[in-house]
Amino acid sequence: MKFTFIIAATLLVMSTPTSANLISNGDFQTCDFTHWGLDTDGFGEPADTSNFTIIDEAGQCSAQVSTGNPFATEFANTLFTNLDLSSVSPDAILDLQFDWTFSGFDLQTDEFSDAFSVVLNNGMDLEELLFVFEDGSGTFFTQLDASYDGFSLDFALLPGFNAESYASIFTLDNVALTERVEVTAPHTSLLIAFGLCAVALRRKLQQQ
């Protein structure tokens with residue numbers, strides 16, 4: 001029984017796929033914005049970064065972005081990371097996922113409310129992945145490929161045009177971009193060898 005368990009554990013280890021996260025500090029466990037960029041209205045990091053904060057819950061950190069002052073010139077606060085996919089093969093499949101929460105005090109009845117937007121951006125082309133203007137949360141998932149090398153992944157908070165606008169926040173955590181790894185079944189001859197060893201050991205134990 002013990003030997004059979006060892007065989008099963010060995011096969012499990014041999015068939016477990018592994019892939020490194022292509023987004024550095026995607027889980028914000030440095031408890032700061034290392035490897036992330038902050039932007040307001042496309043002018044880069046603002047002098048006042050109080051709308052960009054780290055939520056630290058007993059060492060488990062996440063990022064939070066809020067809207068600015070409606071009497072200021074701020075129309076969008078964006079947290080972004082640049083994608084370096086130069087080491088990824090052209091035919092690779094990449095899995096992108098992240099945990100998000102969006103909440104606020106805007107009317108949240110139409111697209112003129114505060115909104116949370118996620119886009120891929122290379123300075124010329126924008127590809128929208130998510131657009132939310134109602135309270136919500138979840139884990140977002142989609143697939144990308146190496147053609148997005150050089151794009152930035154932008155998480156933006158867009159104030160609306162209602163009396164209650166400029167009163168929303170989004171929280172972001174566990175941003176991961178990983179290359180899908182095909183699980184290769186153990187070679188048939190290896191399985192046969194393990195099986196014969198298990199049978200021989202069982203017979204030996206029965207004879208004792």
# chains A, B, ... in the order shown; residues from 1 in each chain; ligands from 1
call {"tool": "residues_around", "arguments": {"residues": "Thr81 (chain A)", "least_positions_apart": "6", "cutoff": "9 Å", "atoms": "only C-alpha atoms", "output": "ChimeraX atom specification"}}
result
/A:23-24,35-37,151-155
call {"tool": "atom_distance", "arguments": {"atom1": "CA of Trp100 (chain A)", "atom2": "CA of Gly136 (chain A)"}}
result
8.3 Å
call {"tool": "closest_residue", "arguments": {"among": "A:Phe116, A:Phe52, A:Phe98, A:Phe170", "to": "Thr142 (chain A)", "atoms": "only C-alpha atoms"}}
result
A:Phe98
call {"tool": "atom_distance", "arguments": {"atom1": "CA of Asn21 (chain A)", "atom2": "CA of Ser50 (chain A)"}}
result
28.4 Å
call {"tool": "select_by_dssp", "arguments": {"residues": "region 21-188 of chain A", "states": "strand (DSSP E or B)", "output": "PyMOL selection string"}}
result
chain A and resi 37-40+52-57+60-66+77-82+94-104+115-121+126-132+136-144+152-158+168-179
call {"tool": "write_last_selection", "arguments": {"atoms": "C-alpha atoms", "output": "JSON list (two decimals), in the first residue's frame"}}
result
[["chain", "number", "residue", "atom", "x", "y", "z"],
["A", 37, "GLY", "CA", 2.74, 52.53, -12.91],
["A", 38, "LEU", "CA", 0.35, 55.24, -11.70],
["A", 39, "ASP", "CA", -1.27, 57.66, -14.13],
["A", 40, "THR", "CA", -3.80, 60.48, -14.02],
["A", 52, "PHE", "CA", -3.64, 55.18, -5.16],
["A", 53, "THR", "CA", -3.34, 53.13, -1.97],
["A", 54, "ILE", "CA", -2.29, 49.69, -0.74],
["A", 55, "ILE", "CA", -4.72, 47.82, 1.50],
["A", 56, "ASP", "CA", -2.76, 45.74, 4.02],
["A", 57, "GLU", "CA", -4.80, 43.12, 5.85],
["A", 60, "GLN", "CA", -2.15, 40.23, 2.61],
["A", 61, "CYS", "CA", -1.97, 43.28, 0.37],
["A", 62, "SER", "CA", -4.09, 44.51, -2.53],
["A", 63, "ALA", "CA", -4.27, 47.73, -4.55],
["A", 64, "GLN", "CA", -7.06, 50.28, -4.34],
["A", 65, "VAL", "CA", -7.76, 53.26, -6.60],
["A", 66, "SER", "CA", -10.27, 56.03, -5.94],
["A", 77, "ASN", "CA", -6.91, 57.39, -12.47],
["A", 78, "THR", "CA", -5.12, 54.39, -13.94],
["A", 79, "LEU", "CA", -3.00, 51.63, -12.44],
["A", 80, "PHE", "CA", -1.02, 49.85, -15.14],
["A", 81, "THR", "CA", 1.71, 47.31, -15.81],
["A", 82, "ASN", "CA", 3.70, 46.80, -19.02],
["A", 94, "LEU", "CA", -1.61, 32.91, -22.16],
["A", 95, "ASP", "CA", -4.18, 32.90, -19.36],
["A", 96, "LEU", "CA", -4.93, 36.30, -17.83],
["A", 97, "GLN", "CA", -6.90, 36.57, -14.61],
["A", 98, "PHE", "CA", -7.40, 38.98, -11.72],
["A", 99, "ASP", "CA", -9.67, 39.58, -8.73],
["A", 100, "TRP", "CA", -11.60, 42.86, -8.71],
["A", 101, "THR", "CA", -14.13, 44.77, -6.63],
["A", 102, "PHE", "CA", -15.90, 47.97, -7.70],
["A", 103, "SER", "CA", -18.15, 50.06, -5.47],
["A", 104, "GLY", "CA", -19.31, 53.64, -5.13],
["A", 115, "ALA", "CA", -16.96, 53.22, -14.17],
["A", 116, "PHE", "CA", -14.20, 50.65, -13.81],
["A", 117, "SER", "CA", -12.45, 49.82, -17.08],
["A", 118, "VAL", "CA", -9.73, 47.33, -18.01],
["A", 119, "VAL", "CA", -8.00, 47.73, -21.38],
["A", 120, "LEU", "CA", -4.94, 46.58, -23.28],
["A", 121, "ASN", "CA", -3.14, 49.63, -24.64],
["A", 126, "LEU", "CA", -7.12, 49.97, -27.22],
["A", 127, "GLU", "CA", -8.78, 46.64, -26.57],
["A", 128, "GLU", "CA", -11.39, 46.73, -23.82],
["A", 129, "LEU", "CA", -11.52, 43.65, -21.59],
["A", 130, "LEU", "CA", -13.95, 44.80, -18.91],
["A", 131, "PHE", "CA", -16.27, 47.78, -18.37],
["A", 132, "VAL", "CA", -18.37, 48.00, -15.19],
["A", 136, "GLY", "CA", -19.73, 44.21, -8.27],
["A", 137, "SER", "CA", -16.81, 41.89, -7.75],
["A", 138, "GLY", "CA", -15.39, 38.72, -9.21],
["A", 139, "THR", "CA", -12.49, 36.95, -10.86],
["A", 140, "PHE", "CA", -11.99, 37.96, -14.48],
["A", 141, "PHE", "CA", -10.47, 35.48, -16.95],
["A", 142, "THR", "CA", -9.50, 35.69, -20.61],
["A", 143, "GLN", "CA", -6.85, 34.39, -22.99],
["A", 144, "LEU", "CA", -4.11, 36.35, -24.76],
["A", 152, "SER", "CA", 0.24, 47.90, -21.12],
["A", 153, "LEU", "CA", -2.53, 46.38, -19.04],
["A", 154, "ASP", "CA", -4.54, 49.34, -17.72],
["A", 155, "PHE", "CA", -6.96, 49.31, -14.79],
["A", 156, "ALA", "CA", -8.77, 52.65, -14.86],
["A", 157, "LEU", "CA", -11.33, 54.40, -12.69],
["A", 158, "LEU", "CA", -13.39, 56.77, -14.82],
["A", 168, "SER", "CA", -16.14, 55.30, -6.31],
["A", 169, "ILE", "CA", -13.24, 52.92, -5.72],
["A", 170, "PHE", "CA", -11.91, 49.70, -7.18],
["A", 171, "THR", "CA", -9.74, 47.09, -5.50],
["A", 172, "LEU", "CA", -7.39, 44.83, -7.46],
["A", 173, "ASP", "CA", -5.46, 41.70, -6.50],
["A", 174, "ASN", "CA", -3.93, 38.47, -7.82],
["A", 175, "VAL", "CA", -3.20, 39.72, -11.34],
["A", 176, "ALA", "CA", -1.63, 36.79, -13.18],
["A", 177, "LEU", "CA", -0.58, 36.13, -16.76],
["A", 178, "THR", "CA", 0.69, 32.58, -17.21],
["A", 179, "GLU", "CA", 1.58, 30.45, -20.20]]
call {"tool": "atom_distance", "arguments": {"atom1": "CA of Gly123 (chain A)", "atom2": "CA of Leu22 (chain A)"}}
result
20.7 Å
call {"tool": "residues_around", "arguments": {"residues": "Ala167 (chain A)", "least_positions_apart": "3", "cutoff": "7 Å", "atoms": "only C-alpha atoms", "output": "ChimeraX atom specification"}}
result
/A:67,104-106,164
call {"tool": "closest_residue", "arguments": {"among": "A:Asp32, A:Asp125, A:Asp91, A:Glu134", "to": "Phe112 (chain A)", "atoms": "only C-alpha atoms"}}
result
A:Glu134
call {"tool": "residues_around", "arguments": {"residues": "region 147-149 of chain A", "least_positions_apart": "6", "cutoff": "9 Å", "atoms": "only C-alpha atoms", "output": "MDAnalysis selection string"}}
result
chainID A and resid 82:86 88 90 120:122
call {"tool": "closest_residue", "arguments": {"among": "A:Ser89, A:Phe75, A:Asp114, A:Tyr166", "to": "Asp145 (chain A)", "atoms": "only C-alpha atoms"}}
result
A:Ser89
